[in-house]
>>> print(open('upload_9.cif').read())   # mmCIF, C-alpha atoms; chains and numbers go by the auth columns
data_work
loop_
_atom_site.group_PDB
_atom_site.id
_atom_site.type_symbol
_atom_site.label_atom_id
_atom_site.label_comp_id
_atom_site.label_asym_id
_atom_site.label_seq_id
_atom_site.Cartn_x
_atom_site.Cartn_y
_atom_site.Cartn_z
_atom_site.B_iso_or_equiv
_atom_site.auth_seq_id
_atom_site.auth_asym_id
ATOM 1 C CA MET A 1 126.423 16.584 -53.516 0.00 1 A
ATOM 2 C CA GLU A 2 128.243 13.279 -53.087 0.00 2 A
ATOM 3 C CA TYR A 3 127.038 9.859 -54.206 0.00 3 A
ATOM 4 C CA VAL A 4 127.807 6.465 -52.706 0.00 4 A
ATOM 5 C CA SER A 5 128.319 3.806 -55.370 0.00 5 A
ATOM 6 C CA LYS A 6 127.054 0.246 -55.005 0.00 6 A
ATOM 7 C CA ALA A 7 130.654 -0.938 -54.809 0.00 7 A
ATOM 8 C CA GLU A 8 131.381 1.458 -51.947 0.00 8 A
ATOM 9 C CA ALA A 9 128.148 0.534 -50.168 0.00 9 A
ATOM 10 C CA ALA A 10 129.083 -3.149 -50.326 0.00 10 A
ATOM 11 C CA LYS A 11 132.162 -2.405 -48.194 0.00 11 A
ATOM 12 C CA LEU A 12 130.144 -0.856 -45.373 0.00 12 A
ATOM 13 C CA THR A 13 129.476 -2.724 -42.143 0.00 13 A
ATOM 14 C CA PRO A 14 125.703 -2.971 -41.563 0.00 14 A
ATOM 15 C CA ASP A 15 124.436 -1.167 -38.496 0.00 15 A
ATOM 16 C CA ALA A 16 123.212 -3.876 -36.123 0.00 16 A
ATOM 17 C CA THR A 17 120.372 -1.783 -34.705 0.00 17 A
ATOM 18 C CA ALA A 18 119.070 -0.821 -38.132 0.00 18 A
ATOM 19 C CA ALA A 19 119.389 -4.405 -39.391 0.00 19 A
ATOM 20 C CA ALA A 20 117.398 -5.673 -36.416 0.00 20 A
ATOM 21 C CA LEU A 21 114.690 -3.078 -37.052 0.00 21 A
ATOM 22 C CA VAL A 22 114.413 -4.073 -40.724 0.00 22 A
ATOM 23 C CA LYS A 23 114.237 -7.750 -39.735 0.00 23 A
ATOM 24 C CA LYS A 24 111.479 -7.011 -37.238 0.00 24 A
ATOM 25 C CA TYR A 25 109.282 -5.244 -39.789 0.00 25 A
ATOM 26 C CA LYS A 26 109.993 -7.792 -42.524 0.00 26 A
ATOM 27 C CA GLU A 27 108.818 -10.568 -40.208 0.00 27 A
ATOM 28 C CA ALA A 28 105.718 -8.559 -39.267 0.00 28 A
ATOM 29 C CA LEU A 29 104.842 -7.932 -42.932 0.00 29 A
ATOM 30 C CA ALA A 30 105.574 -11.454 -44.180 0.00 30 A
ATOM 31 C CA PRO A 31 102.029 -12.813 -43.560 0.00 31 A
ATOM 32 C CA LYS A 32 100.727 -10.130 -45.956 0.00 32 A
ATOM 33 C CA LEU A 33 103.565 -9.946 -48.497 0.00 33 A
ATOM 34 C CA ASP A 34 104.249 -13.682 -48.829 0.00 34 A
ATOM 35 C CA VAL A 35 100.681 -14.476 -49.911 0.00 35 A
ATOM 36 C CA LYS A 36 100.820 -16.443 -53.171 0.00 36 A
ATOM 37 C CA ILE A 37 98.723 -14.897 -55.959 0.00 37 A
ATOM 38 C CA GLY A 38 99.681 -17.196 -58.838 0.00 38 A
ATOM 39 C CA THR A 39 102.532 -18.740 -60.791 0.00 39 A
ATOM 40 C CA VAL A 40 104.554 -17.726 -63.830 0.00 40 A
ATOM 41 C CA THR A 41 106.248 -20.095 -66.274 0.00 41 A
ATOM 42 C CA GLY A 42 109.178 -17.746 -66.820 0.00 42 A
ATOM 43 C CA LEU A 43 110.717 -14.469 -65.734 0.00 43 A
ATOM 44 C CA PHE A 44 109.033 -11.254 -66.889 0.00 44 A
ATOM 45 C CA PRO A 45 112.087 -9.101 -67.693 0.00 45 A
ATOM 46 C CA ARG A 46 112.944 -5.610 -66.603 0.00 46 A
ATOM 47 C CA GLY A 47 116.036 -3.472 -67.113 0.00 47 A
ATOM 48 C CA GLY A 48 118.939 -4.074 -69.460 0.00 48 A
ATOM 49 C CA SER A 49 120.767 -1.626 -71.727 0.00 49 A
ATOM 50 C CA PRO A 50 118.597 0.024 -72.832 0.00 50 A
ATOM 51 C CA ALA A 51 115.962 -0.971 -70.290 0.00 51 A
ATOM 52 C CA VAL A 52 113.300 -3.085 -72.024 0.00 52 A
ATOM 53 C CA GLU A 53 110.395 -1.287 -70.365 0.00 53 A
ATOM 54 C CA ARG A 54 111.750 2.129 -71.411 0.00 54 A
ATOM 55 C CA SER A 55 112.571 1.305 -75.022 0.00 55 A
ATOM 56 C CA GLY A 56 109.902 -0.977 -76.486 0.00 56 A
ATOM 57 C CA GLU A 57 107.161 -3.533 -76.052 0.00 57 A
ATOM 58 C CA THR A 58 107.701 -5.716 -72.999 0.00 58 A
ATOM 59 C CA PRO A 59 105.761 -8.634 -71.438 0.00 59 A
ATOM 60 C CA LEU A 60 104.979 -6.836 -68.166 0.00 60 A
ATOM 61 C CA GLY A 61 103.667 -3.867 -70.088 0.00 61 A
ATOM 62 C CA ASN A 62 101.502 -6.026 -72.339 0.00 62 A
ATOM 63 C CA PHE A 63 100.072 -8.117 -69.513 0.00 63 A
ATOM 64 C CA THR A 64 99.352 -5.119 -67.297 0.00 64 A
ATOM 65 C CA THR A 65 97.792 -2.827 -69.897 0.00 65 A
ATOM 66 C CA ASP A 66 95.681 -5.666 -71.312 0.00 66 A
ATOM 67 C CA ALA A 67 94.400 -6.342 -67.788 0.00 67 A
ATOM 68 C CA ILE A 68 93.633 -2.660 -67.204 0.00 68 A
ATOM 69 C CA ARG A 69 91.776 -2.277 -70.502 0.00 69 A
ATOM 70 C CA ALA A 70 89.747 -5.454 -69.898 0.00 70 A
ATOM 71 C CA LYS A 71 88.754 -4.419 -66.377 0.00 71 A
ATOM 72 C CA TYR A 72 87.545 -0.933 -67.296 0.00 72 A
ATOM 73 C CA MET A 73 86.343 -1.791 -70.819 0.00 73 A
ATOM 74 C CA THR A 74 88.077 1.202 -72.396 0.00 74 A
ATOM 75 C CA ASP A 75 89.202 1.538 -75.986 0.00 75 A
ATOM 76 C CA PHE A 76 92.836 1.915 -74.969 0.00 76 A
ATOM 77 C CA ALA A 77 95.169 1.605 -71.982 0.00 77 A
ATOM 78 C CA LEU A 78 98.585 3.188 -71.458 0.00 78 A
ATOM 79 C CA ILE A 79 101.108 3.231 -68.628 0.00 79 A
ATOM 80 C CA ASN A 80 104.622 4.645 -68.454 0.00 80 A
ATOM 81 C CA GLY A 81 107.349 2.024 -68.735 0.00 81 A
ATOM 82 C CA GLY A 82 109.336 3.711 -65.979 0.00 82 A
ATOM 83 C CA GLY A 83 106.613 2.752 -63.515 0.00 83 A
ATOM 84 C CA ILE A 84 107.679 -0.896 -63.857 0.00 84 A
ATOM 85 C CA ARG A 85 110.344 -1.248 -61.186 0.00 85 A
ATOM 86 C CA ASP A 86 111.370 -4.910 -61.075 0.00 86 A
ATOM 87 C CA THR A 87 111.199 -8.250 -62.802 0.00 87 A
ATOM 88 C CA PHE A 88 108.321 -10.606 -62.022 0.00 88 A
ATOM 89 C CA PRO A 89 109.035 -12.534 -59.787 0.00 89 A
ATOM 90 C CA ALA A 90 110.865 -9.576 -58.294 0.00 90 A
ATOM 91 C CA LYS A 91 114.634 -9.851 -57.964 0.00 91 A
ATOM 92 C CA THR A 92 114.687 -7.477 -55.010 0.00 92 A
ATOM 93 C CA PHE A 93 111.931 -9.169 -53.007 0.00 93 A
ATOM 94 C CA THR A 94 112.806 -12.253 -50.939 0.00 94 A
ATOM 95 C CA PRO A 95 109.863 -13.991 -49.249 0.00 95 A
ATOM 96 C CA LEU A 96 110.429 -15.433 -45.796 0.00 96 A
ATOM 97 C CA ASP A 97 108.233 -18.401 -46.795 0.00 97 A
ATOM 98 C CA LYS A 98 110.827 -20.907 -48.039 0.00 98 A
ATOM 99 C CA THR A 99 108.177 -23.299 -49.390 0.00 99 A
ATOM 100 C CA LEU A 100 107.548 -20.950 -52.324 0.00 100 A
ATOM 101 C CA SER A 101 109.167 -21.856 -55.645 0.00 101 A
ATOM 102 C CA ARG A 102 111.495 -19.014 -56.588 0.00 102 A
ATOM 103 C CA PRO A 103 114.212 -18.308 -59.195 0.00 103 A
ATOM 104 C CA ALA A 104 116.800 -18.333 -56.393 0.00 104 A
ATOM 105 C CA THR A 105 115.994 -21.951 -55.544 0.00 105 A
ATOM 106 C CA SER A 106 114.763 -23.363 -58.866 0.00 106 A
ATOM 107 C CA ALA A 107 116.593 -22.749 -62.137 0.00 107 A
ATOM 108 C CA THR A 108 113.431 -23.050 -64.232 0.00 108 A
ATOM 109 C CA GLY A 109 109.778 -22.166 -63.691 0.00 109 A
ATOM 110 C CA PRO A 110 107.023 -22.332 -62.917 0.00 110 A
ATOM 111 C CA TRP A 111 107.660 -19.990 -60.013 0.00 111 A
ATOM 112 C CA ASP A 112 105.306 -18.703 -57.342 0.00 112 A
ATOM 113 C CA VAL A 113 104.520 -14.990 -57.285 0.00 113 A
ATOM 114 C CA THR A 114 103.252 -13.100 -54.275 0.00 114 A
ATOM 115 C CA VAL A 115 101.720 -9.854 -53.112 0.00 115 A
ATOM 116 C CA GLY A 116 105.265 -8.739 -52.268 0.00 116 A
ATOM 117 C CA ASP A 117 106.384 -9.303 -55.850 0.00 117 A
ATOM 118 C CA ALA A 118 103.487 -7.245 -57.182 0.00 118 A
ATOM 119 C CA MET A 119 104.184 -4.389 -54.786 0.00 119 A
ATOM 120 C CA THR A 120 107.850 -4.434 -55.754 0.00 120 A
ATOM 121 C CA VAL A 121 106.990 -4.231 -59.454 0.00 121 A
ATOM 122 C CA PHE A 122 104.516 -1.369 -58.878 0.00 122 A
ATOM 123 C CA PRO A 123 105.605 0.341 -55.634 0.00 123 A
ATOM 124 C CA PHE A 124 104.416 3.915 -56.162 0.00 124 A
ATOM 125 C CA GLY A 125 100.786 3.734 -55.084 0.00 125 A
ATOM 126 C CA ASN A 126 99.470 5.054 -58.410 0.00 126 A
ATOM 127 C CA SER A 127 95.759 4.687 -59.129 0.00 127 A
ATOM 128 C CA ILE A 128 94.130 3.886 -62.445 0.00 128 A
ATOM 129 C CA SER A 129 92.093 6.697 -63.941 0.00 129 A
ATOM 130 C CA THR A 130 89.661 6.361 -66.815 0.00 130 A
ATOM 131 C CA THR A 131 89.250 9.362 -69.085 0.00 131 A
ATOM 132 C CA THR A 132 89.048 10.361 -72.728 0.00 132 A
ATOM 133 C CA ILE A 133 91.579 11.125 -75.399 0.00 133 A
ATOM 134 C CA THR A 134 91.276 12.305 -79.000 0.00 134 A
ATOM 135 C CA GLY A 135 93.149 10.968 -81.981 0.00 135 A
ATOM 136 C CA ALA A 136 95.211 14.143 -81.975 0.00 136 A
ATOM 137 C CA THR A 137 96.118 13.941 -78.292 0.00 137 A
ATOM 138 C CA LEU A 138 96.882 10.218 -78.607 0.00 138 A
ATOM 139 C CA TRP A 139 99.495 11.064 -81.230 0.00 139 A
ATOM 140 C CA LYS A 140 100.748 13.807 -78.893 0.00 140 A
ATOM 141 C CA ALA A 141 101.010 11.312 -76.036 0.00 141 A
ATOM 142 C CA LEU A 142 102.972 8.854 -78.153 0.00 142 A
ATOM 143 C CA GLU A 143 105.337 11.547 -79.417 0.00 143 A
ATOM 144 C CA ASN A 144 106.035 12.390 -75.784 0.00 144 A
ATOM 145 C CA GLY A 145 106.533 8.717 -74.966 0.00 145 A
ATOM 146 C CA VAL A 146 109.223 8.205 -77.607 0.00 146 A
ATOM 147 C CA GLY A 147 110.745 11.667 -77.156 0.00 147 A
ATOM 148 C CA GLY A 148 112.517 13.159 -74.179 0.00 148 A
ATOM 149 C CA ALA A 149 115.694 11.262 -73.406 0.00 149 A
ATOM 150 C CA TYR A 150 114.517 8.066 -75.129 0.00 150 A
ATOM 151 C CA PRO A 151 115.408 5.384 -74.168 0.00 151 A
ATOM 152 C CA ALA A 152 116.835 6.664 -70.885 0.00 152 A
ATOM 153 C CA ASP A 153 113.796 8.086 -69.104 0.00 153 A
ATOM 154 C CA GLY A 154 110.559 6.493 -67.931 0.00 154 A
ATOM 155 C CA ARG A 155 107.941 7.986 -70.243 0.00 155 A
ATOM 156 C CA PHE A 156 107.942 5.207 -72.863 0.00 156 A
ATOM 157 C CA PRO A 157 104.320 4.043 -73.399 0.00 157 A
ATOM 158 C CA GLN A 158 103.316 0.474 -72.621 0.00 158 A
ATOM 159 C CA ILE A 159 99.972 0.103 -74.398 0.00 159 A
ATOM 160 C CA SER A 160 96.872 -1.964 -75.102 0.00 160 A
ATOM 161 C CA GLY A 161 94.075 -1.669 -77.662 0.00 161 A
ATOM 162 C CA PHE A 162 96.074 -0.105 -80.477 0.00 162 A
ATOM 163 C CA LYS A 163 99.411 -0.258 -82.276 0.00 163 A
ATOM 164 C CA PHE A 164 101.999 2.315 -83.186 0.00 164 A
ATOM 165 C CA THR A 165 105.267 2.548 -85.098 0.00 165 A
ATOM 166 C CA PHE A 166 108.041 5.029 -84.388 0.00 166 A
ATOM 167 C CA ASP A 167 111.430 6.022 -85.738 0.00 167 A
ATOM 168 C CA SER A 168 113.819 7.199 -83.011 0.00 168 A
ATOM 169 C CA SER A 169 116.281 8.513 -85.608 0.00 169 A
ATOM 170 C CA LYS A 170 113.862 11.339 -86.443 0.00 170 A
ATOM 171 C CA PRO A 171 113.707 14.626 -84.521 0.00 171 A
ATOM 172 C CA VAL A 172 111.823 14.660 -81.210 0.00 172 A
ATOM 173 C CA GLY A 173 108.197 15.547 -81.894 0.00 173 A
ATOM 174 C CA SER A 174 108.041 13.825 -85.270 0.00 174 A
ATOM 175 C CA ARG A 175 109.018 10.258 -84.433 0.00 175 A
ATOM 176 C CA VAL A 176 105.624 8.536 -84.558 0.00 176 A
ATOM 177 C CA VAL A 177 105.158 7.009 -88.006 0.00 177 A
ATOM 178 C CA SER A 178 101.736 5.376 -87.665 0.00 178 A
ATOM 179 C CA VAL A 179 98.985 4.734 -85.116 0.00 179 A
ATOM 180 C CA THR A 180 96.283 2.136 -85.793 0.00 180 A
ATOM 181 C CA LYS A 181 93.547 0.172 -84.122 0.00 181 A
ATOM 182 C CA LEU A 182 94.211 -3.544 -83.622 0.00 182 A
ATOM 183 C CA ASP A 183 92.485 -4.326 -86.931 0.00 183 A
ATOM 184 C CA GLY A 184 94.838 -2.005 -88.790 0.00 184 A
ATOM 185 C CA THR A 185 92.432 0.919 -89.165 0.00 185 A
ATOM 186 C CA ALA A 186 94.388 4.165 -89.026 0.00 186 A
ATOM 187 C CA ILE A 187 93.863 6.471 -86.054 0.00 187 A
ATOM 188 C CA ALA A 188 94.008 9.977 -87.427 0.00 188 A
ATOM 189 C CA LYS A 189 95.278 13.099 -85.665 0.00 189 A
ATOM 190 C CA ASP A 190 91.759 14.432 -85.330 0.00 190 A
ATOM 191 C CA ALA A 191 89.043 15.188 -82.788 0.00 191 A
ATOM 192 C CA THR A 192 87.613 11.652 -82.645 0.00 192 A
ATOM 193 C CA VAL A 193 87.155 10.774 -78.965 0.00 193 A
ATOM 194 C CA TYR A 194 88.258 7.457 -77.430 0.00 194 A
ATOM 195 C CA THR A 195 88.140 6.122 -73.894 0.00 195 A
ATOM 196 C CA ILE A 196 91.425 5.311 -72.183 0.00 196 A
ATOM 197 C CA ALA A 197 92.649 3.976 -68.852 0.00 197 A
ATOM 198 C CA THR A 198 95.983 5.180 -67.517 0.00 198 A
ATOM 199 C CA VAL A 199 97.572 6.102 -64.204 0.00 199 A
ATOM 200 C CA ASP A 200 96.713 9.248 -62.268 0.00 200 A
ATOM 201 C CA TYR A 201 100.342 10.405 -62.442 0.00 201 A
ATOM 202 C CA LEU A 202 100.120 10.695 -66.231 0.00 202 A
ATOM 203 C CA VAL A 203 96.632 12.247 -66.187 0.00 203 A
ATOM 204 C CA GLN A 204 98.118 15.109 -64.166 0.00 204 A
ATOM 205 C CA GLY A 205 100.941 15.594 -66.659 0.00 205 A
ATOM 206 C CA GLY A 206 103.678 13.432 -65.140 0.00 206 A
ATOM 207 C CA ASP A 207 106.561 12.238 -67.365 0.00 207 A
ATOM 208 C CA GLY A 208 105.792 15.019 -69.824 0.00 208 A
ATOM 209 C CA TYR A 209 102.216 13.923 -70.596 0.00 209 A
ATOM 210 C CA VAL A 210 100.864 17.470 -70.354 0.00 210 A
ATOM 211 C CA GLY A 211 97.610 18.370 -72.103 0.00 211 A
ATOM 212 C CA VAL A 212 96.827 14.786 -73.070 0.00 212 A
ATOM 213 C CA PHE A 213 94.451 12.916 -70.754 0.00 213 A
ATOM 214 C CA SER A 214 91.546 15.314 -69.966 0.00 214 A
ATOM 215 C CA PRO A 215 91.891 15.579 -66.148 0.00 215 A
ATOM 216 C CA ALA A 216 88.536 17.382 -65.869 0.00 216 A
ATOM 217 C CA VAL A 217 86.616 14.250 -66.892 0.00 217 A
ATOM 218 C CA ALA A 218 88.978 11.663 -65.410 0.00 218 A
ATOM 219 C CA LYS A 219 87.591 9.215 -62.837 0.00 219 A
ATOM 220 C CA VAL A 220 89.965 7.676 -60.301 0.00 220 A
ATOM 221 C CA ARG A 221 89.384 3.933 -60.023 0.00 221 A
ATOM 222 C CA ASP A 222 91.571 1.380 -58.215 0.00 222 A
ATOM 223 C CA LEU A 223 95.220 1.111 -57.268 0.00 223 A
ATOM 224 C CA LEU A 224 97.350 -0.090 -60.170 0.00 224 A
ATOM 225 C CA VAL A 225 98.961 -2.759 -57.997 0.00 225 A
ATOM 226 C CA ASP A 226 95.536 -4.086 -56.969 0.00 226 A
ATOM 227 C CA VAL A 227 94.445 -4.356 -60.601 0.00 227 A
ATOM 228 C CA PHE A 228 97.684 -6.193 -61.365 0.00 228 A
ATOM 229 C CA ILE A 229 97.215 -8.583 -58.428 0.00 229 A
ATOM 230 C CA GLU A 230 93.632 -9.298 -59.476 0.00 230 A
ATOM 231 C CA ALA A 231 94.748 -10.103 -63.020 0.00 231 A
ATOM 232 C CA VAL A 232 97.462 -12.470 -61.795 0.00 232 A
ATOM 233 C CA LYS A 233 94.986 -14.248 -59.514 0.00 233 A
ATOM 234 C CA ASN A 234 92.490 -14.633 -62.354 0.00 234 A
ATOM 235 C CA ALA A 235 95.143 -16.019 -64.690 0.00 235 A
ATOM 236 C CA LYS A 236 96.514 -18.423 -62.030 0.00 236 A
ATOM 237 C CA THR A 237 99.424 -19.686 -64.170 0.00 237 A
ATOM 238 C CA ILE A 238 100.864 -17.133 -66.577 0.00 238 A
ATOM 239 C CA ALA A 239 103.059 -17.890 -69.566 0.00 239 A
ATOM 240 C CA VAL A 240 105.295 -14.929 -70.352 0.00 240 A
ATOM 241 C CA PRO A 241 103.536 -13.373 -73.357 0.00 241 A
ATOM 242 C CA ALA A 242 105.439 -13.036 -76.591 0.00 242 A
ATOM 243 C CA ALA A 243 105.577 -9.638 -78.286 0.00 243 A
ATOM 244 C CA ASP A 244 102.611 -9.181 -80.607 0.00 244 A
ATOM 245 C CA GLY A 245 103.864 -6.171 -82.515 0.00 245 A
ATOM 246 C CA ARG A 246 101.714 -3.538 -80.825 0.00 246 A
ATOM 247 C CA THR A 247 104.803 -1.328 -80.625 0.00 247 A
ATOM 248 C CA LYS A 248 107.331 -1.333 -83.442 0.00 248 A
ATOM 249 C CA LYS A 249 110.590 0.599 -83.741 0.00 249 A
ATOM 250 C CA VAL A 250 111.625 1.110 -87.364 0.00 250 A
ATOM 251 C CA GLY A 251 114.673 3.294 -86.973 0.00 251 A
#
>>> encode(input="upload_9.cif", output="structure tokens")
Amino acid sequence: MEYVSKAEAAKLTPDATAAALVKKYKEALAPKLDVKIGTVTGLFPRGGSPAVERSGETPLGNFTTDAIRAKYMTDFALINGGGIRDTFPAKTFTPLDKTLSRPATSATGPWDVTVGDAMTVFPFGNSISTTTITGATLWKALENGVGGAYPADGRFPQISGFKFTFDSSKPVGSRVVSVTKLDGTAIAKDATVYTIATVDYLVQGGDGYVGVFSPAVAKVRDLLVDVFIEAVKNAKTIAVPAADGRTKKVG
């Protein structure tokens, strides 16, 4: 198998026919993708070394999981950080509507965000599922989230409704130090049942979340991207949220 690097790709001459086809579809989709859904006062980050969404608490994770938990009124919400695929506004989405305020044209916010931005951030078509989880399986989920190839893979948990502390210097499977409710009450590794909203991909065991989210009682709800768009519309102007300590790395 051979790979083409970005540097090598940059030297290629674009195929005129393919470029024209892309332009045609981009123009056809613009009336749907360029629809403004709100504004943000700053850039919601993504990526870096290590990638923020795969290594710790991040604004997009906080905003999204808080919105999911509020909509479905569950005890907790959790999504995989690897499902966040761009900044917000999205660096890789360029609206055709030049009247929109964007980072490319304005050095500081507020910036307009669109349906196209939202679909670039969450492009996979995942749906939200509501289900149940026990204290024991919540700990199991979090151990999976900070295990694997942390912080290189996408399983890191972006969360709402609880807090947890982990130590990545410990062996995989024993990295979670504490799990608590928002008021500081400890969540034990026991059979206590909680409600949780997550994405269908994780319910079915994706990203290593096997035997965690009770697929037999899970109910598929709405598309993740639609929930995100609704939350942005309701907020209208969003200040990038500061970290509130829901996830803490201690080693």
>>> residues_around(input="upload_9.cif", residues="Lys219 (chain A)", least_positions_apart="5", cutoff="9 Å", atoms="all atoms listed in the file", output="ChimeraX atom specification")
/A:128-131
>>> resolve_selection(input="upload_9.cif", expression="the PyMOL selection byres ((chain A and resi 122) around 10)", output="VMD selection string")
chain A and resid 82 to 86 116 to 121 123 to 126 223 to 226 228
>>> resolve_selection(input="upload_9.cif", expression="the PyMOL selection byres ((chain A and resi 165-167) around 8)", output="number ranges by chain")
A: 146, 163-164, 168-170, 175-179, 247-251
>>> closest_residue(input="upload_9.cif", among="A:Leu138, A:Val115, A:Val227, A:Val199", to="Ile37 (chain A)", atoms="all atoms listed in the file")
A:Val115
>>> axis_aligned_box(input="upload_9.cif", around="region 30-37 of chain A", padding_each_side="4 Å", output="AutoDock Vina command-line options")
--center_x 102.1 --center_y -13.2 --center_z -49.8 --size_x 14.9 --size_y 14.5 --size_z 20.4
>>> residues_around(input="upload_9.cif", residues="region 29-34 of chain A", least_positions_apart="3", cutoff="9 Å", atoms="all atoms listed in the file", output="number ranges by chain")
A: 24-26, 94-97, 100, 113-117, 119
>>> atom_distance(input="upload_9.cif", atom1="CA of Lys189 (chain A)", atom2="CA of Leu142 (chain A)")
11.6 Å
>>> build_atoms(input="upload_9.cif", residues="region 78-85 of chain A", atoms="all heavy atoms", output="mmCIF file, keeping the file's coordinate frame")
data_model
loop_
_atom_site.group_PDB
_atom_site.id
_atom_site.type_symbol
_atom_site.label_atom_id
_atom_site.label_comp_id
_atom_site.auth_asym_id
_atom_site.auth_seq_id
_atom_site.Cartn_x
_atom_site.Cartn_y
_atom_site.Cartn_z
ATOM 1 N N LEU A 78 97.192 2.745 -71.316
ATOM 2 C CA LEU A 78 98.585 3.188 -71.458
ATOM 3 C C LEU A 78 99.165 3.447 -70.071
ATOM 4 O O LEU A 78 98.528 4.096 -69.239
ATOM 5 C CB LEU A 78 98.648 4.464 -72.304
ATOM 6 C CG LEU A 78 100.019 5.061 -72.633
ATOM 7 C CD1 LEU A 78 99.947 5.847 -73.955
ATOM 8 C CD2 LEU A 78 100.546 5.976 -71.534
ATOM 9 N N ILE A 79 100.349 2.905 -69.831
ATOM 10 C CA ILE A 79 101.108 3.231 -68.628
ATOM 11 C C ILE A 79 102.526 3.600 -69.034
ATOM 12 O O ILE A 79 102.969 3.271 -70.137
ATOM 13 C CB ILE A 79 101.128 2.085 -67.587
ATOM 14 C CG1 ILE A 79 101.857 0.849 -68.151
ATOM 15 C CG2 ILE A 79 99.725 1.734 -67.129
ATOM 16 C CD1 ILE A 79 102.071 -0.258 -67.119
ATOM 17 N N ASN A 80 103.234 4.283 -68.173
ATOM 18 C CA ASN A 80 104.622 4.645 -68.454
ATOM 19 C C ASN A 80 105.548 3.496 -68.071
ATOM 20 O O ASN A 80 105.464 2.936 -66.982
ATOM 21 C CB ASN A 80 105.019 5.918 -67.709
ATOM 22 C CG ASN A 80 104.736 5.855 -66.220
ATOM 23 O OD1 ASN A 80 103.734 5.309 -65.785
ATOM 24 N ND2 ASN A 80 105.632 6.426 -65.423
ATOM 25 N N GLY A 81 106.438 3.136 -68.987
ATOM 26 C CA GLY A 81 107.349 2.024 -68.735
ATOM 27 C C GLY A 81 108.200 2.204 -67.502
ATOM 28 O O GLY A 81 108.561 1.234 -66.835
ATOM 29 N N GLY A 82 108.519 3.450 -67.157
ATOM 30 C CA GLY A 82 109.336 3.711 -65.979
ATOM 31 C C GLY A 82 108.656 3.362 -64.680
ATOM 32 O O GLY A 82 109.313 3.270 -63.640
ATOM 33 N N GLY A 83 107.330 3.164 -64.718
ATOM 34 C CA GLY A 83 106.613 2.752 -63.515
ATOM 35 C C GLY A 83 106.821 1.293 -63.170
ATOM 36 O O GLY A 83 106.487 0.867 -62.059
ATOM 37 N N ILE A 84 107.364 0.519 -64.106
ATOM 38 C CA ILE A 84 107.679 -0.896 -63.857
ATOM 39 C C ILE A 84 109.053 -0.947 -63.209
ATOM 40 O O ILE A 84 110.051 -0.599 -63.830
ATOM 41 C CB ILE A 84 107.665 -1.693 -65.171
ATOM 42 C CG1 ILE A 84 106.267 -1.651 -65.804
ATOM 43 C CG2 ILE A 84 108.107 -3.132 -64.933
ATOM 44 C CD1 ILE A 84 106.206 -2.236 -67.212
ATOM 45 N N ARG A 85 109.123 -1.417 -61.959
ATOM 46 C CA ARG A 85 110.344 -1.248 -61.186
ATOM 47 C C ARG A 85 111.108 -2.527 -60.868
ATOM 48 O O ARG A 85 112.134 -2.487 -60.191
ATOM 49 C CB ARG A 85 110.026 -0.515 -59.880
ATOM 50 C CG ARG A 85 109.301 0.797 -60.077
ATOM 51 C CD ARG A 85 110.081 1.764 -60.926
ATOM 52 N NE ARG A 85 111.251 2.288 -60.242
ATOM 53 C CZ ARG A 85 112.024 3.253 -60.693
ATOM 54 N NH1 ARG A 85 111.770 3.790 -61.882
ATOM 55 N NH2 ARG A 85 113.041 3.666 -60.004
#
